[in-house]
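Undergrad: Right, I'll just put the structure down here and ask away after.
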Amino acid sequence: MIPPKMASSTVSFIFIIITTVLLPSLSSQLSDLFPSNNPPPFLGKHSHPIKQPNNHQQYRYETRYFSQPLDHFSFLDLPRFRQRYLINTEHWVGPSRSGPIFLYCGNEGDIEWFAVNTGFVWEIAPRFGAMILFPEHRYYGDSIPFGSKEEAYRNATTLSYLTAEQALADFAVLITDLKTNLSAEGCPVVLFGGSYGGMLAAWMRLKYPHIAVGALASSAPILQFEDIVPPETFYNIVSNSFKRESSSCFDAIKNSWNALRSEGQKEDGLKQLSKTFHLCQELTSVQGLSDWLDSAYSYLAMVNYPYPSNFLMPLPGHPIREVCKKIDGSPAGSSILERIFNGVSVYYNYTGEVDCFQLDDDPHGMNGWNWQACTEMVMPMSSDQNTSMFPAYDWDYSAFREGCQKDFQVTPRPRWITTEFGGHDIEHVLKSFGSNIIFSNGLLDPWSGGSVLKNISETIIALITEEGAHHIDLRASSTEDPDWLVEQRATEIKLIQGWIDNYHKKMKATFEI
């Protein structure tokens, strides 16, 4: 609203690997295995251009481009860039009837991928007579400054304009210009977003309350900064999702890291590990395999939906349950690592079409999210020896800072997000200065621990579902949706309708005066 490595037969899946932590302190004998220099696991690297397969043709939109300033906060004569946005006015009732505009705050990836994975917005737009707008986040997809990705990502100077603040300003400038051109200044804007996009939606409502009347921030961990929530929260939730399905499954995963490390130290250990896990190329270190497993577990917890999905990977319903069935039900005599492979194959190869797995072995590549994680999106994480199934480690900011200086020649600002958007004493701040924000979270989602989980006021609402996972409410509806999900979406629709009705009442009252 925002940790791992991935693989497939010939395609690399993954957004970003699992932790913002670089070289943690030696809190366990496995500290040389985990974690690696990886930012937190949001969704962006899974995003990809959409070729409009048949099942997505109902999401019709026009692709347009808007000329944006490179820097909204200076008056230097800098080059502009083209920001892509998707627009649909099919059901919009227009400015004469103050038709609302539904704006999804683009995440850290290709905007088309997020558009076709946000069915809720498309489904409710007709009943509201709403325009749909999906602006792309700068430096992602086709919205690349400096003419090319190579140039935009060249160094810290060219990447310095990649910030959440600049992205929100892009959205604000775009919607203001669009409304002016359409004579739609009186049309209310409702913001939507999931994960990092959900964070942007909440922040935009707080920073630009005159531009948007409300925001639905789904799975938005706006409190995952500094010491606001315990750093072990994310991995504890992942671990609990496995433990609740099977304590023996949890124990197998917890014990597998020692087995992995021991095997890797043998003379032909890396060769044997490559064979056991069906890797396309022989390992050069155990770390790559550790990251790959870490990624699977973390993303499984995020998309632990009650029905089959194809969001990150083709997966069955309740995928963690299926993983644990494979681990627990492996043939007699299977080694612990063979059992682990059987389990993670549910994530990486549920279709059975993958012959071997290609690990992504360059976690420090110059990509946008790595940069954001090394500058302002600093989310402390750790793993607790007693409660986590992952190897224990502590958050070590000094090592993290050194890694960012090495990779990007920048020093992180771990307190900047809370300075810019708030976070500390969130209840008092939102109650005093915020309104019309829905924080929706499923408690199976490991990012829920960093979000707002209780009602703050009559207009700052937390919608919590015990069985929900990562922004499941923004997904398209299905005949397999459980009752609690249907009810959650109905509540969101009612709240959004209330925002729009109140806006119209205030506008009418002002006009009559």
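In the structure tokens, the first chain shown is A, the next is B, and so on; residue numbers restart at 1 for each chain, and ligands run from 1 in the order shown.
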Can you tell me, as a PyMOL selection string, which residues in region 180-346 of chain A count as alpha helix (DSSP H) by DSSP?

TA: chain A and resi 180-181+196-207+233-243+247-264+269-276+286-302+319-328+336-346

Undergrad: Which residues are near region 130-132 of chain A? Cut-off 7 Å, only C-alpha atoms, ignore same chain within fewer than 5 positions. Put them as a list of chain:residue names.

TA: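 Here the qualifying residues turn out to be A:Ile87, A:Asn88, A:Thr89, A:His91, A:Trp92, A:Val93, A:Gly99, A:Pro100, A:Ile101, A:Phe102, A:Leu103, A:Ala125.
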
Undergrad: Please produce a file of the residues just selected, as a compact mmCIF listing (two decimals), in the first residue's frame, where the atoms kept are N, CA, C and O atoms.

TA:
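Saved as again17.txt:
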# COMPACT_ATOMS: atom_id res chain seq x y z
N ILE A 87 -6.83 4.97 -18.62
CA ILE A 87 -8.07 5.67 -18.31
C ILE A 87 -9.25 4.95 -18.95
O ILE A 87 -9.16 4.44 -20.08
N ASN A 88 -10.35 4.89 -18.21
CA ASN A 88 -11.60 4.33 -18.72
C ASN A 88 -12.73 5.26 -18.31
O ASN A 88 -12.92 5.52 -17.11
N THR A 89 -13.47 5.78 -19.30
CA THR A 89 -14.59 6.69 -19.03
C THR A 89 -15.93 6.08 -19.48
O THR A 89 -16.92 6.78 -19.59
N HIS A 91 -18.15 4.28 -18.05
CA HIS A 91 -19.30 4.39 -17.14
C HIS A 91 -19.36 5.74 -16.44
O HIS A 91 -20.25 5.96 -15.60
N TRP A 92 -18.46 6.63 -16.77
CA TRP A 92 -18.41 7.92 -16.09
C TRP A 92 -19.62 8.76 -16.48
O TRP A 92 -19.91 8.94 -17.67
N VAL A 93 -20.32 9.29 -15.51
CA VAL A 93 -21.51 10.10 -15.79
C VAL A 93 -21.16 11.54 -16.11
O VAL A 93 -22.05 12.34 -16.44
N GLY A 99 -19.62 13.21 -11.60
CA GLY A 99 -19.23 11.80 -11.57
C GLY A 99 -17.88 11.62 -10.90
O GLY A 99 -16.92 12.36 -11.20
N PRO A 100 -17.77 10.67 -9.98
CA PRO A 100 -16.50 10.48 -9.26
C PRO A 100 -15.39 9.94 -10.16
O PRO A 100 -15.66 9.36 -11.22
N ILE A 101 -14.18 10.11 -9.70
CA ILE A 101 -13.00 9.58 -10.38
C ILE A 101 -12.29 8.64 -9.42
O ILE A 101 -11.91 9.04 -8.32
N PHE A 102 -12.15 7.40 -9.83
CA PHE A 102 -11.46 6.40 -9.02
C PHE A 102 -10.01 6.32 -9.49
O PHE A 102 -9.74 5.90 -10.62
N LEU A 103 -9.10 6.73 -8.63
CA LEU A 103 -7.68 6.77 -8.98
C LEU A 103 -6.92 5.74 -8.16
O LEU A 103 -6.91 5.79 -6.92
N ALA A 125 -17.03 0.54 -10.36
CA ALA A 125 -17.11 1.81 -11.09
C ALA A 125 -18.47 2.04 -11.73
O ALA A 125 -19.02 3.16 -11.64

Undergrad: Fewer than 4 positions away in the same chain doesn't count, so skip those; otherwise give me all residues within 6 Å of region 280-289 of chain A, counting only C-alpha atoms, as a list in words.

TA: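 So, after excluding close chain neighbours, the residues are Leu33, Leu270, Lys271, Ser274, Cys356, Phe357 and Gln358 of chain A.
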
Undergrad: What's around region 177-187 of chain A at 9 Å? Count only C-alpha atoms, leave out sequence neighbours fewer than 4 positions away in its own chain, and write the answer as a VMD selection string.

TA: chain A and resid 94 to 101 172 to 173 507

Undergrad: Taking only region 150-369 of chain A into account, list the residues labelled strand (DSSP E) by DSSP (computed from the backbone), as a ChimeraX atom specification.

TA: /A:189-194,214-218

Undergrad: Would you pick out the contacts of Ser440 (chain A) at 12 Å or less, using only C-alpha atoms, so that residues sharing its chain but fewer than 6 positions from it are not included, and give the list as number ranges by chain?

TA: A: 1, 192-195, 198-199, 202, 215-221, 447-455, 460-466, 468-474, 485, 488-489, 491-492

Undergrad: Neighbours of Ala164 (chain A) within 12 Å (only C-alpha atoms; same-chain residues fewer than 4 positions away dropped), as JSON, numbers by chain?

TA: {"A": [1, 2, 72, 105, 106, 107, 108, 137, 138, 139, 160, 168, 169, 170, 171, 196, 197, 198, 199, 200, 201, 202, 203, 204, 207, 368, 369, 371, 372, 373, 375, 376, 377, 416, 417, 420, 421]}

Undergrad: Restricted to C-alpha atoms, what would the selected residues look like written as a PDB file, in the first residue's frame?

TA:
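Written file, part_36.pdb:
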ATOM      1  CA  MET A   1       0.000   0.000   0.000  1.00  0.00           C
ATOM      2  CA  ILE A   2       5.237  -2.560   0.465  1.00  0.00           C
ATOM      3  CA  HIS A  72       8.180  19.017  -8.371  1.00  0.00           C
ATOM      4  CA  CYS A 105      -2.052   4.891  -6.881  1.00  0.00           C
ATOM      5  CA  GLY A 106       0.453   3.049  -9.036  1.00  0.00           C
ATOM      6  CA  ASN A 107       2.885   0.689  -7.318  1.00  0.00           C
ATOM      7  CA  GLU A 108       6.515  -0.172  -7.913  1.00  0.00           C
ATOM      8  CA  HIS A 137       4.640   5.304 -10.661  1.00  0.00           C
ATOM      9  CA  ARG A 138       7.685   7.156 -11.978  1.00  0.00           C
ATOM     10  CA  TYR A 139      10.744   5.019 -12.845  1.00  0.00           C
ATOM     11  CA  SER A 160      17.482  10.800  -6.812  1.00  0.00           C
ATOM     12  CA  LEU A 168       2.434  11.543  -5.034  1.00  0.00           C
ATOM     13  CA  ALA A 169       3.080  14.924  -6.613  1.00  0.00           C
ATOM     14  CA  ASP A 170       2.868  13.240 -10.037  1.00  0.00           C
ATOM     15  CA  PHE A 171      -0.553  11.853  -9.150  1.00  0.00           C
ATOM     16  CA  TYR A 196       3.002   0.035  -1.443  1.00  0.00           C
ATOM     17  CA  GLY A 197       0.205   1.513  -3.543  1.00  0.00           C
ATOM     18  CA  GLY A 198      -1.982   1.376  -0.436  1.00  0.00           C
ATOM     19  CA  MET A 199       0.629   3.299   1.502  1.00  0.00           C
ATOM     20  CA  LEU A 200       0.657   5.911  -1.246  1.00  0.00           C
ATOM     21  CA  ALA A 201      -3.141   6.129  -1.193  1.00  0.00           C
ATOM     22  CA  ALA A 202      -3.217   6.743   2.564  1.00  0.00           C
ATOM     23  CA  TRP A 203      -0.363   9.233   2.403  1.00  0.00           C
ATOM     24  CA  MET A 204      -1.925  11.089  -0.514  1.00  0.00           C
ATOM     25  CA  LYS A 207      -0.946  15.179   2.173  1.00  0.00           C
ATOM     26  CA  GLY A 368      13.918   1.010  -8.558  1.00  0.00           C
ATOM     27  CA  TRP A 369      12.715  -0.757  -5.449  1.00  0.00           C
ATOM     28  CA  TRP A 371      16.916   2.162  -4.511  1.00  0.00           C
ATOM     29  CA  GLN A 372      13.769   3.104  -2.618  1.00  0.00           C
ATOM     30  CA  ALA A 373      14.568   0.585   0.116  1.00  0.00           C
ATOM     31  CA  THR A 375      16.931   5.657   0.700  1.00  0.00           C
ATOM     32  CA  GLU A 376      13.594   6.305   2.406  1.00  0.00           C
ATOM     33  CA  MET A 377      11.633   3.004   2.500  1.00  0.00           C
ATOM     34  CA  TRP A 416      12.419  10.430   6.763  1.00  0.00           C
ATOM     35  CA  ILE A 417       9.150   8.583   6.046  1.00  0.00           C
ATOM     36  CA  GLU A 420       7.248  13.305   5.955  1.00  0.00           C
ATOM     37  CA  PHE A 421       4.089  11.245   6.477  1.00  0.00           C
TER      38      PHE A 421
END

Undergrad: Can you tell me, as a list of chain:residue names, what residues are no more than 10 Å from Gln385 (chain A) when counting only C-alpha atoms, ignoring any on the same chain fewer than 2 positions away?

TA: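 What passes the distance filter is A:Ser27, A:Ser28, A:Glu232, A:Lys254, A:Ser382, A:Ser383, A:Thr387, A:Ser388, A:Met389, A:Phe390, A:Pro391, A:Ala392, A:Tyr393, A:Asp394.
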
Undergrad: Report, in Å to a single decimal, how far apart CA of Gln272 (chain A) and CA of Asp355 (chain A) are.

TA: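 Computing it gives 16.9 Å between the two atoms.
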